[in-house]
Amino acid sequence: MLFDILTLFPAMFEGAFSDSIIKRAVEKGLVSIGIRNIRDYSSDARHQTVDDYPYGGDAGMLMKPEPLASAIAAARERFRAIGKSPTVVYMTPAGRLLDQNIVKELAKRETLVILCGRYKGIDQRIIDKYVDIEVSIGDYVLSGGEIPAMALVDAVTRLIPGVLGNMDSAETDSFHSGLLSHPQYTRPEVFEGVSVPEVLLSGHHANIREWQKRKSLEITRERRPDLLDRHCGD
Ligand code: 9WO
């Protein structure tokens with residue numbers, strides 16, 4: 001899986017991908033993450049201008065189309081050189097709400113260019129001409145698309161075969177089955193007077209699996225009944 005992230009704040013990503021799973025995936029050669037500073041693609045050598053006032057007189061500034069188009073072209077060229085045609089993702093509150101199905105789809109694409117907007121957004125002509133999918137991580141406005149981009153890279157990377165030591169972990173991740181996760185416990189057996197559910201101590205795997213599935217369904221029905229409509233019920 002190859003990522004190319006376009007941002008005005010490359011330093012934001014230094015810590016984000018130094019964690020165990022993503023760092024290990026990069027070290028294993030399963031994932032490559034390029035971070036590209038959009039400002040480097042400004043034609044204005046002196047001021048490296050990347051924003052301008054919006055037509056129509058609205059408040060705020062927009063990201064200019066030229067630096068974005070140049071940065072996208074550079075990312076595309078990186079991938080063209082290895083025979084790949086990347087999917088361009090724009091992180092925006094106006095995008096499709098990210099769910100595990102979209103994550104699975106994007107994980108199949110092999111090469112992703114992720115565009116992180118700032119200011120009040122980007123020139124619409126960039127979206128119309130270059131963006132394949134607009135993605136939101138929730139109905140709120142952040143300062144930019146960088147944090148959503150980190151979330152997307154993390155979620156997609158987890159699905160790349162070989163990234164998680166035990167693929168079963170991804171298989172049993174919340175949402176992988178389409179349901180919320182069952183309650184989970186670890187040692188000590190009694191904590192502040194509360195014991196771990198007996199069934200989990202029984203060693204009876206069939207009963208444990210049945211309890212976990214029942215709890216997942218209960219929690220999902222209570223908190224996210226909308227997910228039950230989509231759950232295949234397997
Ligand atoms: C900024 C602004 C300033 C003055 C008046 C209105 C304004 N709207 C915005 C704005 O929406 N800025 C966004 C910043 C533009 C796109 C990049 N930014 C962003 C992405 N904020 N939050 C996201 C995001 C992306 C994905 N999922 C959730 C939030």
# chains A, B, ... in the order shown; residues from 1 in each chain; ligands from 1
$ select_by_dssp --residues "stretch 9-106 of chain A" --states "helix (DSSP H, G or I)" --output "PDB file with all heavy atoms, in the first residue's frame"
ATOM      1  N   MET A  12       3.098  17.557  11.159  1.00  0.00           N
ATOM      2  CA  MET A  12       2.015  16.925  11.938  1.00  0.00           C
ATOM      3  C   MET A  12       2.067  15.407  11.836  1.00  0.00           C
ATOM      4  O   MET A  12       1.578  14.695  12.701  1.00  0.00           O
ATOM      5  CB  MET A  12       0.658  17.419  11.453  1.00  0.00           C
ATOM      6  CG  MET A  12       0.283  18.800  11.928  1.00  0.00           C
ATOM      7  SD  MET A  12      -1.388  19.283  11.395  1.00  0.00           S
ATOM      8  CE  MET A  12      -2.396  18.242  12.450  1.00  0.00           C
ATOM      9  N   PHE A  13       2.644  14.906  10.748  1.00  0.00           N
ATOM     10  CA  PHE A  13       2.617  13.466  10.513  1.00  0.00           C
ATOM     11  C   PHE A  13       3.812  12.736  11.113  1.00  0.00           C
ATOM     12  O   PHE A  13       3.833  11.509  11.157  1.00  0.00           O
ATOM     13  CB  PHE A  13       2.536  13.195   9.007  1.00  0.00           C
ATOM     14  CG  PHE A  13       1.228  13.630   8.412  1.00  0.00           C
ATOM     15  CD1 PHE A  13       1.077  14.913   7.903  1.00  0.00           C
ATOM     16  CD2 PHE A  13       0.134  12.783   8.415  1.00  0.00           C
ATOM     17  CE1 PHE A  13      -0.144  15.332   7.377  1.00  0.00           C
ATOM     18  CE2 PHE A  13      -1.088  13.186   7.889  1.00  0.00           C
ATOM     19  CZ  PHE A  13      -1.224  14.469   7.367  1.00  0.00           C
ATOM     20  N   GLU A  14       4.823  13.496  11.562  1.00  0.00           N
ATOM     21  CA  GLU A  14       6.032  12.824  12.068  1.00  0.00           C
ATOM     22  C   GLU A  14       5.702  11.894  13.232  1.00  0.00           C
ATOM     23  O   GLU A  14       6.136  10.755  13.278  1.00  0.00           O
ATOM     24  CB  GLU A  14       7.075  13.874  12.470  1.00  0.00           C
ATOM     25  CG  GLU A  14       7.771  14.502  11.269  1.00  0.00           C
ATOM     26  CD  GLU A  14       8.487  15.803  11.633  1.00  0.00           C
ATOM     27  OE1 GLU A  14       8.681  16.041  12.851  1.00  0.00           O
ATOM     28  OE2 GLU A  14       8.813  16.570  10.706  1.00  0.00           O
ATOM     29  N   GLY A  15       4.909  12.374  14.178  1.00  0.00           N
ATOM     30  CA  GLY A  15       4.574  11.542  15.339  1.00  0.00           C
ATOM     31  C   GLY A  15       3.496  10.515  15.025  1.00  0.00           C
ATOM     32  O   GLY A  15       3.536   9.392  15.505  1.00  0.00           O
ATOM     33  N   ALA A  16       2.611  10.892  14.146  1.00  0.00           N
ATOM     34  CA  ALA A  16       1.409  10.068  13.903  1.00  0.00           C
ATOM     35  C   ALA A  16       1.749   8.679  13.397  1.00  0.00           C
ATOM     36  O   ALA A  16       1.103   7.705  13.749  1.00  0.00           O
ATOM     37  CB  ALA A  16       0.513  10.779  12.888  1.00  0.00           C
ATOM     38  N   SER A  20       3.486   1.796  16.711  1.00  0.00           N
ATOM     39  CA  SER A  20       3.955   0.413  16.482  1.00  0.00           C
ATOM     40  C   SER A  20       3.419  -0.160  15.165  1.00  0.00           C
ATOM     41  O   SER A  20       4.207  -0.604  14.332  1.00  0.00           O
ATOM     42  CB  SER A  20       3.497  -0.468  17.640  1.00  0.00           C
ATOM     43  OG  SER A  20       2.081  -0.389  17.743  1.00  0.00           O
ATOM     44  N   ILE A  21       2.097  -0.133  14.951  1.00  0.00           N
ATOM     45  CA  ILE A  21       1.528  -0.850  13.806  1.00  0.00           C
ATOM     46  C   ILE A  21       1.980  -0.247  12.476  1.00  0.00           C
ATOM     47  O   ILE A  21       2.519  -0.923  11.606  1.00  0.00           O
ATOM     48  CB  ILE A  21      -0.021  -0.865  13.893  1.00  0.00           C
ATOM     49  CG1 ILE A  21      -0.461  -1.776  15.023  1.00  0.00           C
ATOM     50  CG2 ILE A  21      -0.646  -1.285  12.569  1.00  0.00           C
ATOM     51  CD1 ILE A  21      -1.951  -1.829  15.246  1.00  0.00           C
ATOM     52  N   ILE A  22       1.836   1.064  12.346  1.00  0.00           N
ATOM     53  CA  ILE A  22       2.182   1.684  11.054  1.00  0.00           C
ATOM     54  C   ILE A  22       3.695   1.676  10.848  1.00  0.00           C
ATOM     55  O   ILE A  22       4.196   1.349   9.774  1.00  0.00           O
ATOM     56  CB  ILE A  22       1.615   3.122  10.983  1.00  0.00           C
ATOM     57  CG1 ILE A  22       0.083   3.069  10.930  1.00  0.00           C
ATOM     58  CG2 ILE A  22       2.156   3.861   9.760  1.00  0.00           C
ATOM     59  CD1 ILE A  22      -0.596   4.411  10.877  1.00  0.00           C
ATOM     60  N   LYS A  23       4.433   1.948  11.939  1.00  0.00           N
ATOM     61  CA  LYS A  23       5.899   1.948  11.815  1.00  0.00           C
ATOM     62  C   LYS A  23       6.383   0.556  11.386  1.00  0.00           C
ATOM     63  O   LYS A  23       7.203   0.412  10.477  1.00  0.00           O
ATOM     64  CB  LYS A  23       6.518   2.339  13.155  1.00  0.00           C
ATOM     65  CG  LYS A  23       8.041   2.428  13.128  1.00  0.00           C
ATOM     66  CD  LYS A  23       8.592   2.838  14.485  1.00  0.00           C
ATOM     67  CE  LYS A  23      10.122   2.913  14.455  1.00  0.00           C
ATOM     68  NZ  LYS A  23      10.687   3.224  15.809  1.00  0.00           N
ATOM     69  N   ARG A  24       5.796  -0.482  11.969  1.00  0.00           N
ATOM     70  CA  ARG A  24       6.208  -1.863  11.656  1.00  0.00           C
ATOM     71  C   ARG A  24       5.822  -2.210  10.208  1.00  0.00           C
ATOM     72  O   ARG A  24       6.598  -2.836   9.485  1.00  0.00           O
ATOM     73  CB  ARG A  24       5.544  -2.834  12.637  1.00  0.00           C
ATOM     74  CG  ARG A  24       6.231  -4.194  12.701  1.00  0.00           C
ATOM     75  CD  ARG A  24       5.807  -4.975  13.917  1.00  0.00           C
ATOM     76  NE  ARG A  24       4.370  -5.159  13.981  1.00  0.00           N
ATOM     77  CZ  ARG A  24       3.637  -4.818  15.063  1.00  0.00           C
ATOM     78  NH1 ARG A  24       4.229  -4.247  16.096  1.00  0.00           N
ATOM     79  NH2 ARG A  24       2.342  -5.026  15.092  1.00  0.00           N
ATOM     80  N   ALA A  25       4.679  -1.715   9.779  1.00  0.00           N
ATOM     81  CA  ALA A  25       4.230  -1.982   8.396  1.00  0.00           C
ATOM     82  C   ALA A  25       5.184  -1.335   7.406  1.00  0.00           C
ATOM     83  O   ALA A  25       5.536  -1.931   6.383  1.00  0.00           O
ATOM     84  CB  ALA A  25       2.812  -1.448   8.215  1.00  0.00           C
ATOM     85  N   VAL A  26       5.642  -0.131   7.725  1.00  0.00           N
ATOM     86  CA  VAL A  26       6.610   0.545   6.840  1.00  0.00           C
ATOM     87  C   VAL A  26       7.939  -0.211   6.853  1.00  0.00           C
ATOM     88  O   VAL A  26       8.532  -0.488   5.813  1.00  0.00           O
ATOM     89  CB  VAL A  26       6.803   2.014   7.291  1.00  0.00           C
ATOM     90  CG1 VAL A  26       7.959   2.655   6.533  1.00  0.00           C
ATOM     91  CG2 VAL A  26       5.517   2.817   7.087  1.00  0.00           C
ATOM     92  N   GLU A  27       8.371  -0.625   8.050  1.00  0.00           N
ATOM     93  CA  GLU A  27       9.653  -1.358   8.159  1.00  0.00           C
ATOM     94  C   GLU A  27       9.593  -2.695   7.423  1.00  0.00           C
ATOM     95  O   GLU A  27      10.582  -3.139   6.843  1.00  0.00           O
ATOM     96  CB  GLU A  27      10.007  -1.577   9.638  1.00  0.00           C
ATOM     97  CG  GLU A  27      10.427  -0.294  10.346  1.00  0.00           C
ATOM     98  CD  GLU A  27      10.500  -0.452  11.865  1.00  0.00           C
ATOM     99  OE1 GLU A  27      10.027  -1.496  12.385  1.00  0.00           O
ATOM    100  OE2 GLU A  27      11.000   0.486  12.520  1.00  0.00           O
ATOM    101  N   ILE A  38       2.558  20.984   0.211  1.00  0.00           N
ATOM    102  CA  ILE A  38       1.915  21.679  -0.918  1.00  0.00           C
ATOM    103  C   ILE A  38       2.611  23.002  -1.199  1.00  0.00           C
ATOM    104  O   ILE A  38       2.717  23.461  -2.339  1.00  0.00           O
ATOM    105  CB  ILE A  38       0.416  21.899  -0.606  1.00  0.00           C
ATOM    106  CG1 ILE A  38      -0.289  20.556  -0.462  1.00  0.00           C
ATOM    107  CG2 ILE A  38      -0.266  22.768  -1.670  1.00  0.00           C
ATOM    108  CD1 ILE A  38      -1.669  20.628   0.185  1.00  0.00           C
ATOM    109  N   ARG A  39       3.135  23.620  -0.142  1.00  0.00           N
ATOM    110  CA  ARG A  39       3.790  24.933  -0.301  1.00  0.00           C
ATOM    111  C   ARG A  39       4.983  24.842  -1.248  1.00  0.00           C
ATOM    112  O   ARG A  39       5.310  25.804  -1.940  1.00  0.00           O
ATOM    113  CB  ARG A  39       4.232  25.463   1.062  1.00  0.00           C
ATOM    114  CG  ARG A  39       4.485  26.962   1.078  1.00  0.00           C
ATOM    115  CD  ARG A  39       4.700  27.477   2.474  1.00  0.00           C
ATOM    116  NE  ARG A  39       3.513  27.405   3.320  1.00  0.00           N
ATOM    117  CZ  ARG A  39       2.496  28.260   3.280  1.00  0.00           C
ATOM    118  NH1 ARG A  39       2.513  29.238   2.403  1.00  0.00           N
ATOM    119  NH2 ARG A  39       1.463  28.132   4.088  1.00  0.00           N
ATOM    120  N   ASP A  40       5.613  23.680  -1.312  1.00  0.00           N
ATOM    121  CA  ASP A  40       6.760  23.504  -2.219  1.00  0.00           C
ATOM    122  C   ASP A  40       6.337  23.602  -3.693  1.00  0.00           C
ATOM    123  O   ASP A  40       7.197  23.705  -4.576  1.00  0.00           O
ATOM    124  CB  ASP A  40       7.405  22.129  -1.987  1.00  0.00           C
ATOM    125  CG  ASP A  40       8.043  22.022  -0.601  1.00  0.00           C
ATOM    126  OD1 ASP A  40       8.259  23.084   0.021  1.00  0.00           O
ATOM    127  OD2 ASP A  40       8.288  20.891  -0.137  1.00  0.00           O
ATOM    128  N   TYR A  41       5.050  23.556  -3.948  1.00  0.00           N
ATOM    129  CA  TYR A  41       4.562  23.557  -5.337  1.00  0.00           C
ATOM    130  C   TYR A  41       3.949  24.905  -5.727  1.00  0.00           C
ATOM    131  O   TYR A  41       3.311  25.014  -6.781  1.00  0.00           O
ATOM    132  CB  TYR A  41       3.564  22.412  -5.539  1.00  0.00           C
ATOM    133  CG  TYR A  41       4.235  21.077  -5.367  1.00  0.00           C
ATOM    134  CD1 TYR A  41       4.342  20.502  -4.101  1.00  0.00           C
ATOM    135  CD2 TYR A  41       4.832  20.431  -6.438  1.00  0.00           C
ATOM    136  CE1 TYR A  41       5.004  19.301  -3.920  1.00  0.00           C
ATOM    137  CE2 TYR A  41       5.490  19.226  -6.276  1.00  0.00           C
ATOM    138  CZ  TYR A  41       5.582  18.681  -5.003  1.00  0.00           C
ATOM    139  OH  TYR A  41       6.256  17.492  -4.822  1.00  0.00           O
ATOM    140  N   PRO A  65      -5.658  26.782  -6.730  1.00  0.00           N
ATOM    141  CA  PRO A  65      -5.650  25.532  -7.505  1.00  0.00           C
ATOM    142  C   PRO A  65      -4.278  25.139  -8.047  1.00  0.00           C
ATOM    143  O   PRO A  65      -3.951  23.945  -8.093  1.00  0.00           O
ATOM    144  CB  PRO A  65      -6.631  25.798  -8.641  1.00  0.00           C
ATOM    145  CG  PRO A  65      -6.682  27.288  -8.785  1.00  0.00           C
ATOM    146  CD  PRO A  65      -6.436  27.841  -7.419  1.00  0.00           C
ATOM    147  N   GLU A  66      -3.442  26.155  -8.423  1.00  0.00           N
ATOM    148  CA  GLU A  66      -2.188  25.785  -9.091  1.00  0.00           C
ATOM    149  C   GLU A  66      -1.238  24.930  -8.246  1.00  0.00           C
ATOM    150  O   GLU A  66      -0.777  23.866  -8.689  1.00  0.00           O
ATOM    151  CB  GLU A  66      -1.437  27.026  -9.592  1.00  0.00           C
ATOM    152  CG  GLU A  66      -2.230  27.913 -10.541  1.00  0.00           C
ATOM    153  CD  GLU A  66      -2.894  29.060  -9.818  1.00  0.00           C
ATOM    154  OE1 GLU A  66      -3.308  28.858  -8.651  1.00  0.00           O
ATOM    155  OE2 GLU A  66      -3.003  30.144 -10.417  1.00  0.00           O
ATOM    156  N   PRO A  67      -0.943  25.358  -7.001  1.00  0.00           N
ATOM    157  CA  PRO A  67      -0.040  24.518  -6.174  1.00  0.00           C
ATOM    158  C   PRO A  67      -0.618  23.132  -5.944  1.00  0.00           C
ATOM    159  O   PRO A  67       0.109  22.128  -5.971  1.00  0.00           O
ATOM    160  CB  PRO A  67       0.090  25.310  -4.869  1.00  0.00           C
ATOM    161  CG  PRO A  67      -0.251  26.717  -5.216  1.00  0.00           C
ATOM    162  CD  PRO A  67      -1.287  26.622  -6.293  1.00  0.00           C
ATOM    163  N   LEU A  68      -1.931  23.044  -5.762  1.00  0.00           N
ATOM    164  CA  LEU A  68      -2.577  21.737  -5.529  1.00  0.00           C
ATOM    165  C   LEU A  68      -2.448  20.862  -6.772  1.00  0.00           C
ATOM    166  O   LEU A  68      -2.073  19.686  -6.697  1.00  0.00           O
ATOM    167  CB  LEU A  68      -4.042  21.929  -5.173  1.00  0.00           C
ATOM    168  CG  LEU A  68      -4.314  22.535  -3.799  1.00  0.00           C
ATOM    169  CD1 LEU A  68      -5.783  22.927  -3.656  1.00  0.00           C
ATOM    170  CD2 LEU A  68      -3.929  21.554  -2.698  1.00  0.00           C
ATOM    171  N   ALA A  69      -2.706  21.438  -7.943  1.00  0.00           N
ATOM    172  CA  ALA A  69      -2.612  20.672  -9.190  1.00  0.00           C
ATOM    173  C   ALA A  69      -1.180  20.184  -9.407  1.00  0.00           C
ATOM    174  O   ALA A  69      -0.948  19.034  -9.808  1.00  0.00           O
ATOM    175  CB  ALA A  69      -3.075  21.524 -10.366  1.00  0.00           C
ATOM    176  N   SER A  70      -0.196  21.040  -9.092  1.00  0.00           N
ATOM    177  CA  SER A  70       1.213  20.645  -9.258  1.00  0.00           C
ATOM    178  C   SER A  70       1.594  19.533  -8.286  1.00  0.00           C
ATOM    179  O   SER A  70       2.288  18.574  -8.648  1.00  0.00           O
ATOM    180  CB  SER A  70       2.128  21.850  -9.037  1.00  0.00           C
ATOM    181  OG  SER A  70       1.857  22.845 -10.004  1.00  0.00           O
ATOM    182  N   ALA A  71       1.119  19.646  -7.065  1.00  0.00           N
ATOM    183  CA  ALA A  71       1.433  18.617  -6.056  1.00  0.00           C
ATOM    184  C   ALA A  71       0.780  17.287  -6.419  1.00  0.00           C
ATOM    185  O   ALA A  71       1.406  16.216  -6.320  1.00  0.00           O
ATOM    186  CB  ALA A  71       0.965  19.084  -4.681  1.00  0.00           C
ATOM    187  N   ILE A  72      -0.460  17.348  -6.894  1.00  0.00           N
ATOM    188  CA  ILE A  72      -1.155  16.116  -7.317  1.00  0.00           C
ATOM    189  C   ILE A  72      -0.426  15.499  -8.507  1.00  0.00           C
ATOM    190  O   ILE A  72      -0.208  14.280  -8.562  1.00  0.00           O
ATOM    191  CB  ILE A  72      -2.624  16.411  -7.656  1.00  0.00           C
ATOM    192  CG1 ILE A  72      -3.403  16.787  -6.384  1.00  0.00           C
ATOM    193  CG2 ILE A  72      -3.281  15.205  -8.351  1.00  0.00           C
ATOM    194  CD1 ILE A  72      -4.793  17.362  -6.632  1.00  0.00           C
ATOM    195  N   ALA A  73       0.008  16.335  -9.445  1.00  0.00           N
ATOM    196  CA  ALA A  73       0.737  15.830 -10.626  1.00  0.00           C
ATOM    197  C   ALA A  73       2.030  15.136 -10.201  1.00  0.00           C
ATOM    198  O   ALA A  73       2.386  14.067 -10.717  1.00  0.00           O
ATOM    199  CB  ALA A  73       1.036  16.986 -11.577  1.00  0.00           C
ATOM    200  N   ALA A  74       2.713  15.701  -9.215  1.00  0.00           N
ATOM    201  CA  ALA A  74       3.972  15.094  -8.731  1.00  0.00           C
ATOM    202  C   ALA A  74       3.686  13.748  -8.071  1.00  0.00           C
ATOM    203  O   ALA A  74       4.417  12.763  -8.288  1.00  0.00           O
ATOM    204  CB  ALA A  74       4.650  16.043  -7.737  1.00  0.00           C
ATOM    205  N   ALA A  75       2.608  13.681  -7.319  1.00  0.00           N
ATOM    206  CA  ALA A  75       2.247  12.414  -6.665  1.00  0.00           C
ATOM    207  C   ALA A  75       1.873  11.372  -7.716  1.00  0.00           C
ATOM    208  O   ALA A  75       2.294  10.214  -7.652  1.00  0.00           O
ATOM    209  CB  ALA A  75       1.094  12.646  -5.701  1.00  0.00           C
ATOM    210  N   ARG A  76       1.098  11.809  -8.708  1.00  0.00           N
ATOM    211  CA  ARG A  76       0.690  10.888  -9.783  1.00  0.00           C
ATOM    212  C   ARG A  76       1.912  10.357 -10.515  1.00  0.00           C
ATOM    213  O   ARG A  76       2.006   9.175 -10.849  1.00  0.00           O
ATOM    214  CB  ARG A  76      -0.227  11.586 -10.781  1.00  0.00           C
ATOM    215  CG  ARG A  76      -1.654  11.773 -10.357  1.00  0.00           C
ATOM    216  CD  ARG A  76      -2.401  12.467 -11.497  1.00  0.00           C
ATOM    217  NE  ARG A  76      -3.794  12.705 -11.161  1.00  0.00           N
ATOM    218  CZ  ARG A  76      -4.748  11.766 -11.236  1.00  0.00           C
ATOM    219  NH1 ARG A  76      -4.422  10.544 -11.604  1.00  0.00           N
ATOM    220  NH2 ARG A  76      -6.003  12.036 -10.917  1.00  0.00           N
ATOM    221  N   GLU A  77       2.899  11.248 -10.744  1.00  0.00           N
ATOM    222  CA  GLU A  77       4.115  10.855 -11.490  1.00  0.00           C
ATOM    223  C   GLU A  77       4.877   9.806 -10.706  1.00  0.00           C
ATOM    224  O   GLU A  77       5.389   8.835 -11.256  1.00  0.00           O
ATOM    225  CB  GLU A  77       4.993  12.086 -11.741  1.00  0.00           C
ATOM    226  CG  GLU A  77       6.284  11.785 -12.489  1.00  0.00           C
ATOM    227  CD  GLU A  77       6.062  10.967 -13.762  1.00  0.00           C
ATOM    228  OE1 GLU A  77       4.992  11.113 -14.405  1.00  0.00           O
ATOM    229  OE2 GLU A  77       6.955  10.155 -14.094  1.00  0.00           O
ATOM    230  N   ARG A  78       4.917   9.988  -9.369  1.00  0.00           N
ATOM    231  CA  ARG A  78       5.594   8.985  -8.515  1.00  0.00           C
ATOM    232  C   ARG A  78       5.000   7.610  -8.763  1.00  0.00           C
ATOM    233  O   ARG A  78       5.697   6.608  -8.919  1.00  0.00           O
ATOM    234  CB  ARG A  78       5.432   9.379  -7.040  1.00  0.00           C
ATOM    235  CG  ARG A  78       5.852   8.288  -6.061  1.00  0.00           C
ATOM    236  CD  ARG A  78       5.379   8.557  -4.641  1.00  0.00           C
ATOM    237  NE  ARG A  78       5.633   7.422  -3.753  1.00  0.00           N
ATOM    238  CZ  ARG A  78       5.023   7.244  -2.581  1.00  0.00           C
ATOM    239  NH1 ARG A  78       4.128   8.141  -2.162  1.00  0.00           N
ATOM    240  NH2 ARG A  78       5.296   6.188  -1.826  1.00  0.00           N
ATOM    241  N   PHE A  79       3.679   7.579  -8.844  1.00  0.00           N
ATOM    242  CA  PHE A  79       3.015   6.280  -8.990  1.00  0.00           C
ATOM    243  C   PHE A  79       3.020   5.804 -10.436  1.00  0.00           C
ATOM    244  O   PHE A  79       3.093   4.611 -10.715  1.00  0.00           O
ATOM    245  CB  PHE A  79       1.595   6.363  -8.432  1.00  0.00           C
ATOM    246  CG  PHE A  79       1.548   6.552  -6.935  1.00  0.00           C
ATOM    247  CD1 PHE A  79       0.739   7.522  -6.361  1.00  0.00           C
ATOM    248  CD2 PHE A  79       2.337   5.778  -6.095  1.00  0.00           C
ATOM    249  CE1 PHE A  79       0.698   7.703  -4.976  1.00  0.00           C
ATOM    250  CE2 PHE A  79       2.318   5.949  -4.712  1.00  0.00           C
ATOM    251  CZ  PHE A  79       1.498   6.911  -4.158  1.00  0.00           C
ATOM    252  N   ARG A  80       2.978   6.772 -11.387  1.00  0.00           N
ATOM    253  CA  ARG A  80       3.001   6.359 -12.809  1.00  0.00           C
ATOM    254  C   ARG A  80       4.302   5.630 -13.103  1.00  0.00           C
ATOM    255  O   ARG A  80       4.330   4.653 -13.833  1.00  0.00           O
ATOM    256  CB  ARG A  80       2.881   7.583 -13.729  1.00  0.00           C
ATOM    257  CG  ARG A  80       2.585   7.263 -15.201  1.00  0.00           C
ATOM    258  CD  ARG A  80       2.902   8.412 -16.125  1.00  0.00           C
ATOM    259  NE  ARG A  80       4.310   8.810 -15.992  1.00  0.00           N
ATOM    260  CZ  ARG A  80       5.318   8.097 -16.503  1.00  0.00           C
ATOM    261  NH1 ARG A  80       5.059   6.959 -17.133  1.00  0.00           N
ATOM    262  NH2 ARG A  80       6.581   8.489 -16.359  1.00  0.00           N
ATOM    263  N   GLN A 100     -16.309   1.227   7.694  1.00  0.00           N
ATOM    264  CA  GLN A 100     -15.363   0.131   7.422  1.00  0.00           C
ATOM    265  C   GLN A 100     -15.470  -0.363   5.979  1.00  0.00           C
ATOM    266  O   GLN A 100     -14.481  -0.812   5.384  1.00  0.00           O
ATOM    267  CB  GLN A 100     -15.584  -1.021   8.405  1.00  0.00           C
ATOM    268  CG  GLN A 100     -14.390  -1.977   8.504  1.00  0.00           C
ATOM    269  CD  GLN A 100     -13.112  -1.338   9.069  1.00  0.00           C
ATOM    270  OE1 GLN A 100     -13.131  -0.227   9.602  1.00  0.00           O
ATOM    271  NE2 GLN A 100     -12.007  -2.018   8.909  1.00  0.00           N
ATOM    272  N   ASN A 101     -16.656  -0.210   5.393  1.00  0.00           N
ATOM    273  CA  ASN A 101     -16.781  -0.636   3.984  1.00  0.00           C
ATOM    274  C   ASN A 101     -15.951   0.253   3.065  1.00  0.00           C
ATOM    275  O   ASN A 101     -15.286  -0.229   2.147  1.00  0.00           O
ATOM    276  CB  ASN A 101     -18.256  -0.614   3.562  1.00  0.00           C
ATOM    277  CG  ASN A 101     -19.048  -1.739   4.217  1.00  0.00           C
ATOM    278  OD1 ASN A 101     -18.507  -2.818   4.478  1.00  0.00           O
ATOM    279  ND2 ASN A 101     -20.312  -1.474   4.532  1.00  0.00           N
ATOM    280  N   ILE A 102     -15.960   1.557   3.322  1.00  0.00           N
ATOM    281  CA  ILE A 102     -15.145   2.471   2.505  1.00  0.00           C
ATOM    282  C   ILE A 102     -13.668   2.185   2.765  1.00  0.00           C
ATOM    283  O   ILE A 102     -12.852   2.153   1.842  1.00  0.00           O
ATOM    284  CB  ILE A 102     -15.488   3.944   2.830  1.00  0.00           C
ATOM    285  CG1 ILE A 102     -16.938   4.265   2.437  1.00  0.00           C
ATOM    286  CG2 ILE A 102     -14.521   4.893   2.113  1.00  0.00           C
ATOM    287  CD1 ILE A 102     -17.391   5.671   2.835  1.00  0.00           C
ATOM    288  N   VAL A 103     -13.307   1.915   4.015  1.00  0.00           N
ATOM    289  CA  VAL A 103     -11.920   1.578   4.346  1.00  0.00           C
ATOM    290  C   VAL A 103     -11.482   0.338   3.557  1.00  0.00           C
ATOM    291  O   VAL A 103     -10.414   0.311   2.934  1.00  0.00           O
ATOM    292  CB  VAL A 103     -11.743   1.338   5.863  1.00  0.00           C
ATOM    293  CG1 VAL A 103     -10.344   0.807   6.179  1.00  0.00           C
ATOM    294  CG2 VAL A 103     -12.009   2.618   6.644  1.00  0.00           C
ATOM    295  N   LYS A 104     -12.350  -0.693   3.540  1.00  0.00           N
ATOM    296  CA  LYS A 104     -12.024  -1.919   2.803  1.00  0.00           C
ATOM    297  C   LYS A 104     -11.845  -1.620   1.313  1.00  0.00           C
ATOM    298  O   LYS A 104     -10.923  -2.120   0.665  1.00  0.00           O
ATOM    299  CB  LYS A 104     -13.127  -2.955   2.984  1.00  0.00           C
ATOM    300  CG  LYS A 104     -13.189  -3.584   4.364  1.00  0.00           C
ATOM    301  CD  LYS A 104     -14.405  -4.516   4.481  1.00  0.00           C
ATOM    302  CE  LYS A 104     -14.613  -5.015   5.891  1.00  0.00           C
ATOM    303  NZ  LYS A 104     -15.896  -5.763   6.043  1.00  0.00           N
ATOM    304  N   GLU A 105     -12.711  -0.779   0.767  1.00  0.00           N
ATOM    305  CA  GLU A 105     -12.609  -0.427  -0.658  1.00  0.00           C
ATOM    306  C   GLU A 105     -11.297   0.283  -0.943  1.00  0.00           C
ATOM    307  O   GLU A 105     -10.587  -0.036  -1.902  1.00  0.00           O
ATOM    308  CB  GLU A 105     -13.779   0.466  -1.066  1.00  0.00           C
ATOM    309  CG  GLU A 105     -15.031  -0.309  -1.438  1.00  0.00           C
ATOM    310  CD  GLU A 105     -14.728  -1.420  -2.436  1.00  0.00           C
ATOM    311  OE1 GLU A 105     -14.152  -1.141  -3.507  1.00  0.00           O
ATOM    312  OE2 GLU A 105     -15.038  -2.580  -2.120  1.00  0.00           O
ATOM    313  N   LEU A 106     -10.951   1.247  -0.108  1.00  0.00           N
ATOM    314  CA  LEU A 106      -9.716   2.019  -0.329  1.00  0.00           C
ATOM    315  C   LEU A 106      -8.483   1.142  -0.114  1.00  0.00           C
ATOM    316  O   LEU A 106      -7.466   1.322  -0.784  1.00  0.00           O
ATOM    317  CB  LEU A 106      -9.690   3.240   0.592  1.00  0.00           C
ATOM    318  CG  LEU A 106     -10.741   4.309   0.253  1.00  0.00           C
ATOM    319  CD1 LEU A 106     -10.700   5.443   1.284  1.00  0.00           C
ATOM    320  CD2 LEU A 106     -10.524   4.859  -1.155  1.00  0.00           C
TER     321      LEU A 106
END
$ closest_atom_pairs --of "chain A" --to "ligand 1" --cutoff "7 Å" --atoms "only C-alpha atoms and all ligand atoms" --output "tab-separated table"
residue	atom	partner	partner_atom_place_in_ligand_line	distance
A:Ala59	CA	ligand 1	4 (C)	5.6
A:Gly60	CA	ligand 1	4 (C)	4.5
A:Met91	CA	ligand 1	25 (C)	4.3
A:Thr92	CA	ligand 1	25 (C)	3.6
A:Pro93	CA	ligand 1	29 (C)	4.2
A:Gly95	CA	ligand 1	26 (C)	7.0
A:Cys116	CA	ligand 1	17 (C)	6.2
A:Gly117	CA	ligand 1	17 (C)	3.8
A:Arg118	CA	ligand 1	17 (C)	4.5
A:Tyr119	CA	ligand 1	1 (C)	5.2
A:Lys120	CA	ligand 1	1 (C)	3.4
A:Gly121	CA	ligand 1	15 (C)	3.6
A:Ile122	CA	ligand 1	16 (C)	6.9
A:Val135	CA	ligand 1	26 (C)	6.0
A:Ser136	CA	ligand 1	27 (N)	3.4
A:Ile137	CA	ligand 1	27 (N)	3.9
A:Gly138	CA	ligand 1	28 (C)	4.9
A:Asp139	CA	ligand 1	28 (C)	6.2
A:Tyr140	CA	ligand 1	29 (C)	5.5
A:Val141	CA	ligand 1	22 (N)	3.8
A:Leu142	CA	ligand 1	22 (N)	3.6
A:Ser143	CA	ligand 1	21 (N)	4.8
A:Gly144	CA	ligand 1	18 (N)	3.5
A:Gly145	CA	ligand 1	20 (C)	4.0
A:Pro148	CA	ligand 1	26 (C)	5.1
